[in-house]
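S.K.: entry.cif (mmCIF, C-alpha atoms) pasted underneath:
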```
data_coords
loop_
_atom_site.group_PDB
_atom_site.id
_atom_site.type_symbol
_atom_site.label_atom_id
_atom_site.label_comp_id
_atom_site.auth_asym_id
_atom_site.auth_seq_id
_atom_site.Cartn_x
_atom_site.Cartn_y
_atom_site.Cartn_z
ATOM 1 C CA MET F 1132 -23.826 11.303 -25.036
ATOM 2 C CA ASP F 1133 -23.087 14.937 -24.329
ATOM 3 C CA VAL F 1134 -21.482 15.761 -21.007
ATOM 4 C CA LEU F 1135 -21.332 19.511 -21.598
ATOM 5 C CA THR F 1136 -25.100 19.798 -21.897
ATOM 6 C CA GLY F 1137 -25.729 17.301 -19.108
ATOM 7 C CA ARG F 1138 -27.271 14.615 -21.307
ATOM 8 C CA GLY F 1139 -25.075 11.702 -20.369
ATOM 9 C CA PRO F 1140 -22.010 10.342 -18.643
ATOM 10 C CA SER F 1141 -18.524 10.928 -19.961
ATOM 11 C CA GLU F 1142 -16.955 8.330 -22.204
ATOM 12 C CA ARG F 1143 -13.586 9.183 -20.652
ATOM 13 C CA HIS F 1144 -12.284 6.914 -17.923
ATOM 14 C CA GLU F 1145 -8.841 8.443 -17.438
ATOM 15 C CA VAL F 1146 -7.318 11.755 -16.351
ATOM 16 C CA TRP F 1147 -3.635 12.393 -17.073
ATOM 17 C CA TYR F 1148 -1.295 14.414 -14.828
ATOM 18 C CA PHE F 1149 1.987 15.795 -16.145
ATOM 19 C CA GLY F 1150 4.948 17.455 -14.451
ATOM 20 C CA GLY F 1151 6.335 19.409 -17.398
ATOM 21 C CA PRO F 1152 6.939 16.901 -20.200
ATOM 22 C CA HIS F 1153 6.894 13.896 -17.847
ATOM 23 C CA LEU F 1154 3.889 11.726 -17.108
ATOM 24 C CA GLY F 1155 3.388 11.997 -13.361
ATOM 25 C CA ALA F 1156 0.159 10.103 -12.773
ATOM 26 C CA VAL F 1157 -3.001 8.783 -14.325
ATOM 27 C CA ARG F 1158 -6.382 8.252 -12.759
ATOM 28 C CA ILE F 1159 -8.380 5.430 -14.321
ATOM 29 C CA ASP F 1160 -11.869 5.287 -12.866
ATOM 30 C CA ASP F 1161 -11.375 4.879 -9.083
ATOM 31 C CA PHE F 1162 -7.642 4.113 -9.216
ATOM 32 C CA LYS F 1163 -4.727 6.534 -9.347
ATOM 33 C CA PHE F 1164 -1.277 5.425 -10.508
ATOM 34 C CA GLN F 1165 1.643 7.726 -9.654
ATOM 35 C CA PHE F 1166 4.884 7.447 -11.633
ATOM 36 C CA PHE F 1167 6.827 9.921 -9.530
ATOM 37 C CA GLN F 1168 6.257 11.466 -6.114
ATOM 38 C CA GLN F 1169 6.349 15.112 -5.070
ATOM 39 C CA PRO F 1170 6.386 14.952 -1.272
ATOM 40 C CA TRP F 1171 7.092 18.692 -0.973
ATOM 41 C CA GLY F 1172 4.370 19.785 -3.407
ATOM 42 C CA TRP F 1173 4.525 21.114 -6.951
ATOM 43 C CA PRO F 1174 7.527 23.410 -6.406
ATOM 44 C CA GLY F 1175 9.551 20.590 -4.818
ATOM 45 C CA GLU F 1176 11.691 18.006 -6.513
ATOM 46 C CA LYS F 1177 10.276 14.901 -8.144
ATOM 47 C CA ILE F 1178 11.245 11.466 -6.805
ATOM 48 C CA THR F 1179 11.061 8.634 -9.306
ATOM 49 C CA THR F 1180 10.064 5.191 -8.046
ATOM 50 C CA ASP F 1181 10.850 1.780 -9.542
ATOM 51 C CA MET F 1182 7.163 0.994 -9.901
ATOM 52 C CA PRO F 1183 4.087 3.195 -9.823
ATOM 53 C CA THR F 1184 2.143 3.565 -6.624
ATOM 54 C CA ILE F 1185 -1.530 2.673 -6.809
ATOM 55 C CA VAL F 1186 -4.362 4.055 -4.704
ATOM 56 C CA ASN F 1187 -8.069 3.289 -4.765
ATOM 57 C CA LEU F 1188 -9.439 6.820 -4.399
ATOM 58 C CA ARG F 1189 -12.876 5.602 -3.312
ATOM 59 C CA GLN F 1190 -11.335 3.755 -0.366
ATOM 60 C CA ASP F 1191 -8.544 6.249 0.364
ATOM 61 C CA SER F 1192 -9.647 9.639 -0.990
ATOM 62 C CA PHE F 1193 -6.914 11.533 0.885
ATOM 63 C CA GLU F 1194 -4.231 9.056 -0.288
ATOM 64 C CA ARG F 1195 -3.026 8.370 3.239
ATOM 65 C CA THR F 1196 -2.334 4.652 2.875
ATOM 66 C CA PRO F 1197 1.404 4.259 3.367
ATOM 67 C CA SER F 1198 3.472 3.997 0.252
ATOM 68 C CA ILE F 1199 6.273 1.526 -0.359
ATOM 69 C CA ARG F 1200 8.828 3.724 1.373
ATOM 70 C CA GLY F 1201 8.851 5.693 4.580
ATOM 71 C CA GLU F 1202 6.237 3.925 6.692
ATOM 72 C CA SER F 1203 6.115 0.451 8.102
ATOM 73 C CA PHE F 1204 3.430 -1.851 6.734
ATOM 74 C CA ASN F 1205 2.952 -3.289 10.226
ATOM 75 C CA ASP F 1206 2.214 0.170 11.647
ATOM 76 C CA ALA F 1207 -0.510 0.741 9.073
ATOM 77 C CA GLY F 1208 -3.186 -1.876 9.436
ATOM 78 C CA GLY F 1209 -1.253 -5.117 9.765
ATOM 79 C CA GLY F 1210 0.003 -5.550 6.214
ATOM 80 C CA TYR F 1211 -2.998 -4.091 4.376
ATOM 81 C CA THR F 1212 -0.726 -2.664 1.689
ATOM 82 C CA ASN F 1213 0.801 -6.061 0.917
ATOM 83 C CA GLU F 1214 -2.648 -7.607 0.579
ATOM 84 C CA PHE F 1215 -3.877 -4.687 -1.549
ATOM 85 C CA PHE F 1216 -0.941 -4.951 -3.988
ATOM 86 C CA GLY F 1217 -1.367 -8.705 -4.192
ATOM 87 C CA ARG F 1218 -5.053 -8.350 -5.056
ATOM 88 C CA GLU F 1219 -4.696 -5.410 -7.461
ATOM 89 C CA PHE F 1220 -1.353 -6.169 -9.136
ATOM 90 C CA TRP F 1221 -3.065 -7.035 -12.431
ATOM 91 C CA ARG F 1222 -3.875 -3.331 -12.793
ATOM 92 C CA PHE F 1223 -0.236 -2.570 -13.595
ATOM 93 C CA VAL F 1224 -0.651 -4.408 -16.910
ATOM 94 C CA MET F 1225 -3.816 -2.426 -17.606
ATOM 95 C CA VAL F 1226 -2.130 0.941 -16.903
ATOM 96 C CA GLN F 1227 0.677 0.009 -19.314
ATOM 97 C CA GLN F 1228 -1.935 -0.396 -22.052
ATOM 98 C CA TYR F 1229 -3.435 3.032 -21.277
ATOM 99 C CA VAL F 1230 0.011 4.675 -21.324
ATOM 100 C CA LEU F 1231 0.795 2.981 -24.652
ATOM 101 C CA ARG F 1232 -2.394 4.428 -26.174
ATOM 102 C CA LEU F 1233 -1.430 7.874 -24.846
ATOM 103 C CA ALA F 1234 2.070 7.551 -26.336
ATOM 104 C CA GLN F 1235 0.587 6.616 -29.718
ATOM 105 C CA THR F 1236 -1.352 9.887 -29.763
ATOM 106 C CA ALA F 1237 1.990 11.753 -29.640
ATOM 107 C CA ILE F 1238 2.856 10.153 -32.990
ATOM 108 C CA GLU F 1239 -0.375 11.370 -34.572
ATOM 109 C CA TYR F 1240 -0.326 14.730 -32.773
ATOM 110 C CA PRO F 1241 3.300 15.565 -31.885
ATOM 111 C CA PRO F 1242 3.920 18.202 -29.224
ATOM 112 C CA MET F 1243 4.561 21.604 -30.750
ATOM 113 C CA GLN F 1244 7.095 22.829 -28.210
ATOM 114 C CA ALA F 1245 8.817 21.854 -25.006
ATOM 115 C CA PRO F 1246 7.131 23.089 -21.839
ATOM 116 C CA ALA F 1247 8.489 26.163 -20.111
ATOM 117 C CA SER F 1248 11.328 25.665 -17.680
ATOM 118 C CA PHE F 1249 11.806 28.094 -14.827
ATOM 119 C CA ASN F 1250 14.873 26.628 -13.179
ATOM 120 C CA LEU F 1251 18.224 28.340 -12.841
ATOM 121 C CA ASP F 1252 20.138 25.522 -14.565
ATOM 122 C CA ALA F 1253 18.174 26.063 -17.777
ATOM 123 C CA ILE F 1254 18.803 29.819 -17.645
ATOM 124 C CA LYS F 1255 22.518 29.280 -16.962
ATOM 125 C CA THR F 1256 22.801 26.869 -19.906
ATOM 126 C CA GLU F 1257 21.041 29.307 -22.220
ATOM 127 C CA ILE F 1258 23.343 32.170 -21.159
ATOM 128 C CA GLN F 1259 26.448 30.010 -21.699
ATOM 129 C CA GLU F 1260 25.228 29.065 -25.192
ATOM 130 C CA LYS F 1261 24.664 32.743 -26.051
ATOM 131 C CA ILE F 1262 28.161 33.638 -24.794
ATOM 132 C CA LYS F 1263 29.684 30.893 -26.986
ATOM 133 C CA GLU F 1264 27.711 32.114 -30.013
ATOM 134 C CA HIS F 1265 28.878 35.685 -29.386
ATOM 135 C CA GLU F 1266 32.518 34.626 -28.974
ATOM 136 C CA GLY F 1267 32.364 32.679 -32.254
ATOM 137 C CA GLN F 1268 31.383 35.773 -34.273
#
```
Could I get this structure in the form of structure tokens?
M.R.:
Amino acid sequence: MDVLTGRGPSERHEVWYFGGPHLGAVRIDDFKFQFFQQPWGWPGEKITTDMPTIVNLRQDSFERTPSIRGESFNDAGGGYTNEFFGREFWRFVMVQQYVLRLAQTAIEYPPMQAPASFNLDAIKTEIQEKIKEHEGQ
């Protein structure tokens, strides 16, 4: 099947999202699993959670269902989120298997270089290392 020429559906069921070198989310068919949150957008800090959040994008395309933190379950549909997690919890095992397969590809095809870093801490560290090298000469 050839997607590029329009002769068939894609064999791919997942789309991976990275924040630098870190896996941020994966979409598997209709479900999106987020491993860290960025409530202030891409330039903002990343907040790591103890478990991934899960959203059915067909039912909640704007991802407005309240997450674990910040909003009361009772204020958002009478405990819908609890029922949803109870019904869909098995998907966490499935996403682990997908992430394992992704990690195995890094063994076969290792990354060539670290992603670019544009933060001041990285620049400061690099300058300090250069100063130490210069002083040692």
S.K.: Could you please determine the separation between atom CA of F:Glu1176 and atom CA of F:Arg1195 in Å, to one decimal place?
M.R.: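 Result for atom CA of F:Glu1176 versus atom CA of F:Arg1195: 20.1 Å, one decimal.
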S.K.: Measure the distance from atom CA of F:Leu1154 to atom CA of F:Ser1141 in Å and round it to one decimal.
M.R.: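 Between these atoms lies a distance of 22.6 Å.
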S.K.: Could you state which residues are captured by the PyMOL selection byres ((chain F and resi 1186) around 8) in this file, as a list in words?
M.R.: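 So the PyMOL selection byres ((chain F and resi 1186) around 8), applied here, picks out Phe1162, Lys1163, Phe1164, Thr1184, Ile1185, Asn1187, Leu1188, Asp1191, Glu1194 and Thr1196 of chain F.
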S.K.: Which is closest to F:Val1224 among F:Gly1137, F:Met1182, F:Gly1155, F:Gly1267, if we use all atoms listed in the file?
M.R.: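 With all atoms listed in the file as the atom set, the closest residue is F:Met1182.
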S.K.: List the residues matched by the PyMOL selection byres ((chain F and resi 1228-1233) around 12) in the displayed structure as a list in words, ordered by chain and then by residue number.
M.R.: Arg1143, His1144, Glu1145, Val1146, Trp1147, Tyr1148, Leu1154, Gly1155, Ala1156, Val1157, Arg1158, Ile1159, Phe1164, Phe1166, Trp1221, Arg1222, Phe1223, Val1224, Met1225, Val1226, Gln1227, Ala1234, Gln1235, Thr1236, Ala1237, Ile1238, Glu1239, Tyr1240 and Pro1241 of chain F
